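Visitor: Encoded as structure tokens, here's the structure I'll be asking about.
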Amino acid sequence: MTCRRRPCATGGLALALMLAGCTTMIPGYERPAAPIAQNYPGATAAQAPGGAAASQIEWQSYFGDARLKRLIEVALNNNRDLRVAVLNIEQARAQYQLRRSDELPTLGIGAAGSRQPGPGGSIVSTYSAGLVVPAYELDFFGRVRSLSAAALAQYLGTEEARKNVQIALISSVASSYLNMLADDGLLAVTRSTLLTREESLKLTRLKFDAGAASELDYRQAESLFEGARAALALLTRQRAVDENALVLLLGQSMPADLPPGQSIAGQTLINELPVGLPSEVLVRRPDVRQAEQQLIAANANIGAARAAFFPQITLTGSAGSASSELSGLFKSGSFAWSFAPQLLLPIFDAGRNQANLELANVNREIAVAQYEKAIQTAFREVSDALAGRATLGVQVRAQAAQVNAEAVRFKLADLRYRNGVANYLDVLDAQRALFVTQLALVQVQAQEVQNQVALYKVLGGGWKTP
């Protein structure tokens, strides 16, 4: 429809925008019930309130090792996985903006000209210029708004994904660093044991050459010495592998200006993290919130699929100047406007719309299952960390007591052997047992600290910045 009169051309567009309304066909969203128990297994004391939640504790405050904090800072600045997560946010933000812009008409300046045959062999020329509104969908049934809501949920989901990547990165850096500290502790024990066994081997060799010891004693001492050498080589290799893993997380080589660090047994962490009820923890974890945003997006896509069954109304309009001669395009009296609505009602589409609706419903069910799986995984991770917190401290104390007992046993056995009261087999057995328990003590100390880091992670700690 085209008119050359003066009435305002934007009136029809404003009316159409008002008629579009605010309704959508998105199903009402209800958060699915969490398929978990109301309490963690055997975690009554851990749920007692007190102190800030892990999700509210910055990693700079949680970790006390200055070297570890410096390594985490380097990783946050250079890690490629975290960089990709940040770029994914920018990508999702742009996609949301694209969907959001579809809710409003596009306004531009356009010019057009046409020449076509007229009556009696004449040529009819038409020229126009002015403001143009390209095909704009009047969103009566909420299809565009549903797509915009889905894009918004996807964008919010990428925000949570970035937080989750940061939590995982901080935990991985701390874990790799603690593995290196444990390697250092194991290497120290092994080197000390190697020196002791080397002295025992020399002493036994002298006694064997003098006829005061049997070849059996000598070969047993030699076996223990070579076993310690093999263990030292293995631990040295493992130390290098763990450092390579840490370098990958850092995104660069190890900095040369690292501050002094703490030993594996001297790590200072916030030990008593309040846990609370599972429902509270789930709200704090970014991975669970990300899964819920994906569910919300899938729910919104159902609204768009439903709206596709209804008429699609588009509007094209323009307002400006029109003339049959190019020279008269902007002269007085050349004002013209056009208003061209179009309606398309799907009658036959070979089942495309129905298939899209079924696909949207299936995708929502998949998102529900993924959300429930995220909840169950979170529940299991917190339960495992709490079980470790309840038992690893006892294990460390018991292991330390066993090391002390084996050390006294080795001294007594060695003293008895030197005085001729016991055979050398007792000394070798005590020496072997002491080495094993010393290694076990370092390992369980590392497990205890690693469990504290894991608990901080699974409770949603590590994404908050000061």
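How things are named: the first chain in the structure tokens is A, the next is B, and so on; residues count from 1 in each chain; ligands count from 1 in the order shown.
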Might you pull out every residue within 9 Å of Val165 (chain A), with only C-alpha atoms counted and same-chain residues fewer than 6 positions away left off, and present them as a count of residues only?
Guide: 4
Visitor: Which residues are close to Leu248 (chain A), i.e. within 12 Å by only C-alpha atoms, leaving aside same-chain residues fewer than 5 positions away? Reply as a PyMOL selection string.
Guide: chain A and resi 71+74-75+78-81+169+172-173+176+241-243+253-254
Visitor: Would you list, as JSON, numbers by chain, the residues of region 98-197 of chain A that end up in strand (DSSP E or B) under DSSP run on this structure's backbone?
Guide: {"A": [108, 109, 110, 111, 112, 113, 114, 115, 116, 117, 123, 124, 125, 126, 127, 128, 129, 130, 131, 132, 133, 134, 135, 136, 137, 138]}
Visitor: Taking C-alpha atoms for each residue, export the selection above as a tab-separated table (two decimals), in the first residue's frame.
Guide:
```tsv
chain	number	residue	atom	x	y	z
A	108	GLY	CA	17.69	2.65	7.44
A	109	ILE	CA	18.01	5.14	4.61
A	110	GLY	CA	17.35	3.77	1.19
A	111	ALA	CA	17.07	4.91	-2.39
A	112	ALA	CA	15.54	3.06	-5.34
A	113	GLY	CA	14.78	3.61	-8.97
A	114	SER	CA	12.93	1.66	-11.63
A	115	ARG	CA	12.11	2.00	-15.33
A	116	GLN	CA	9.52	-0.16	-17.05
A	117	PRO	CA	7.40	-0.08	-20.22
A	123	ILE	CA	8.79	4.38	-20.37
A	124	VAL	CA	7.55	4.86	-16.79
A	125	SER	CA	10.24	5.95	-14.36
A	126	THR	CA	9.94	5.92	-10.58
A	127	TYR	CA	12.51	7.18	-8.09
A	128	SER	CA	12.25	7.15	-4.30
A	129	ALA	CA	14.44	7.93	-1.31
A	130	GLY	CA	13.86	8.08	2.43
A	131	LEU	CA	13.57	6.04	5.60
A	132	VAL	CA	13.03	2.31	5.09
A	133	VAL	CA	11.94	-0.44	7.47
A	134	PRO	CA	12.91	-3.82	5.97
A	135	ALA	CA	10.86	-6.93	6.63
A	136	TYR	CA	10.14	-6.85	10.37
A	137	GLU	CA	8.34	-9.72	12.05
A	138	LEU	CA	5.47	-8.68	14.28
```
Visitor: When distances are computed from only C-alpha atoms, which of A:Asp184, A:Gln154, A:Tyr424, A:Gln312 shows the smallest separation from Lys207 (chain A)?
Guide: A:Tyr424
Visitor: Can you pull out every residue within 12 Å of Leu412 (chain A), counting only C-alpha atoms, but drop anything in the same chain fewer than 2 positions away, and send it as a PDB file with C-alpha atoms, in the first residue's frame?
Guide:
```pdb
ATOM      1  CA  ALA A 405      57.772 -46.861  66.024  1.00  0.00           C
ATOM      2  CA  GLU A 406      59.629 -48.213  63.002  1.00  0.00           C
ATOM      3  CA  ALA A 407      62.474 -45.722  63.523  1.00  0.00           C
ATOM      4  CA  VAL A 408      62.929 -46.930  67.123  1.00  0.00           C
ATOM      5  CA  ARG A 409      62.705 -50.523  65.946  1.00  0.00           C
ATOM      6  CA  PHE A 410      65.430 -49.960  63.347  1.00  0.00           C
ATOM      7  CA  ASP A 414      70.907 -52.218  64.417  1.00  0.00           C
ATOM      8  CA  LEU A 415      72.214 -51.940  67.976  1.00  0.00           C
ATOM      9  CA  ARG A 416      71.477 -55.613  68.664  1.00  0.00           C
ATOM     10  CA  TYR A 417      73.185 -56.637  65.440  1.00  0.00           C
ATOM     11  CA  ARG A 418      76.299 -54.595  66.163  1.00  0.00           C
ATOM     12  CA  ASN A 419      76.507 -56.230  69.615  1.00  0.00           C
ATOM     13  CA  VAL A 421      72.704 -60.353  69.762  1.00  0.00           C
ATOM     14  CA  ALA A 422      70.573 -60.477  66.543  1.00  0.00           C
ATOM     15  CA  ASP A 426      66.304 -58.260  61.577  1.00  0.00           C
ATOM     16  CA  VAL A 427      68.185 -55.077  60.636  1.00  0.00           C
ATOM     17  CA  ALA A 430      63.440 -53.009  60.089  1.00  0.00           C
ATOM     18  CA  GLN A 431      65.196 -50.826  57.539  1.00  0.00           C
TER      19      GLN A 431
END
```
Visitor: Under the rule of at most 10 Å, produce a per-residue listing of region 231-313 of chain A near region 438-447 of chain A: chain, number, name, the closest pair of atoms, and the distance in Å, as a Markdown table, using only C-alpha atoms.
Guide:
```
| residue | atom | partner | partner_atom | distance |
| --- | --- | --- | --- | --- |
| A:Ser263 | CA | A:Ala446 | CA | 10.0 |
| A:Ile264 | CA | A:Ala446 | CA | 6.2 |
| A:Ala265 | CA | A:Gln445 | CA | 6.2 |
| A:Gly266 | CA | A:Gln445 | CA | 9.7 |
| A:Gln267 | CA | A:Ala446 | CA | 9.7 |
```
Visitor: Hey, can you spit out that residue selection with N, CA and C atoms as a tab-separated table (two decimals), in the first residue's frame?
Guide:
```
chain	number	residue	atom	x	y	z
A	263	SER	N	56.46	-26.63	52.76
A	263	SER	CA	56.54	-28.08	52.54
A	263	SER	C	55.13	-28.67	52.49
A	264	ILE	N	55.06	-29.92	52.09
A	264	ILE	CA	53.76	-30.57	51.99
A	264	ILE	C	53.09	-30.68	53.35
A	265	ALA	N	53.88	-30.84	54.40
A	265	ALA	CA	53.30	-30.96	55.74
A	265	ALA	C	53.04	-29.60	56.38
A	266	GLY	N	53.59	-28.53	55.79
A	266	GLY	CA	53.43	-27.21	56.40
A	266	GLY	C	52.46	-26.31	55.66
A	267	GLN	N	51.63	-26.87	54.77
A	267	GLN	CA	50.68	-26.07	54.02
A	267	GLN	C	49.63	-25.46	54.96
```
Visitor: Residues at most 7 Å from Ala150 (chain A), counting only C-alpha atoms, excluding those fewer than 6 positions away in the same chain, as a ChimeraX atom specification?
Guide: /A:297-298,300-301
Visitor: With only C-alpha atoms as the basis for distance, which of A:Leu216, A:Ala413, A:Glu159, A:Ala228 is at the shortest distance from Arg191 (chain A)?
Guide: A:Ala228
Visitor: Taking only C-alpha atoms into account, which of A:Ala369, A:Ala360, A:Val84, A:Ala168 comes nearest Ala33 (chain A)?
Guide: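 Among the listed residues, A:Ala369 lies closest to Ala33 (chain A).
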Visitor: Find the spatial neighbours of Leu156 (chain A), counting only C-alpha atoms, within a cut-off of 12 Å - ignore same-chain residues fewer than 6 positions away - and output them as a list in words.
Guide: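 Once the adjacent positions are removed, what remains is Asn88, Ile89, Glu90, Gln91, Ala92, Arg93, Gln95, Tyr96, Ala149, Ala150, Arg162, Lys163, Pro286, Asp287, Arg289, Gln290, Ala291, Glu292, Gln293, Gln294, Leu295, Ile296 and Ala297 of chain A.
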Visitor: Set the distance at 12 Å and use only C-alpha atoms: which residues neighbour Ala213 (chain A) once local chain neighbours fewer than 4 positions away are removed? I'd like the list as an mmCIF file with C-alpha atoms, in the first residue's frame.
Guide:
```cif
data_model
loop_
_atom_site.group_PDB
_atom_site.id
_atom_site.type_symbol
_atom_site.label_atom_id
_atom_site.label_comp_id
_atom_site.auth_asym_id
_atom_site.auth_seq_id
_atom_site.Cartn_x
_atom_site.Cartn_y
_atom_site.Cartn_z
ATOM 1 C CA LEU A 201 76.230 -52.143 52.292
ATOM 2 C CA LEU A 203 79.812 -52.260 56.405
ATOM 3 C CA THR A 204 78.416 -55.607 55.325
ATOM 4 C CA ARG A 205 80.984 -55.815 52.516
ATOM 5 C CA LEU A 206 83.809 -55.284 54.973
ATOM 6 C CA LYS A 207 82.404 -57.949 57.305
ATOM 7 C CA PHE A 208 81.902 -60.326 54.389
ATOM 8 C CA ASP A 209 85.494 -59.846 53.223
ATOM 9 C CA ASP A 217 73.737 -60.874 54.423
ATOM 10 C CA TYR A 218 75.802 -59.073 51.823
ATOM 11 C CA ARG A 219 73.404 -59.827 48.961
ATOM 12 C CA GLN A 220 70.402 -58.731 51.034
ATOM 13 C CA ALA A 221 72.100 -55.434 51.812
ATOM 14 C CA TYR A 417 73.185 -56.637 65.440
ATOM 15 C CA ARG A 418 76.299 -54.595 66.163
ATOM 16 C CA GLY A 420 76.071 -59.699 68.121
ATOM 17 C CA ASN A 423 71.191 -61.460 62.932
ATOM 18 C CA TYR A 424 71.393 -59.053 60.055
ATOM 19 C CA LEU A 425 67.994 -60.131 58.708
#
```
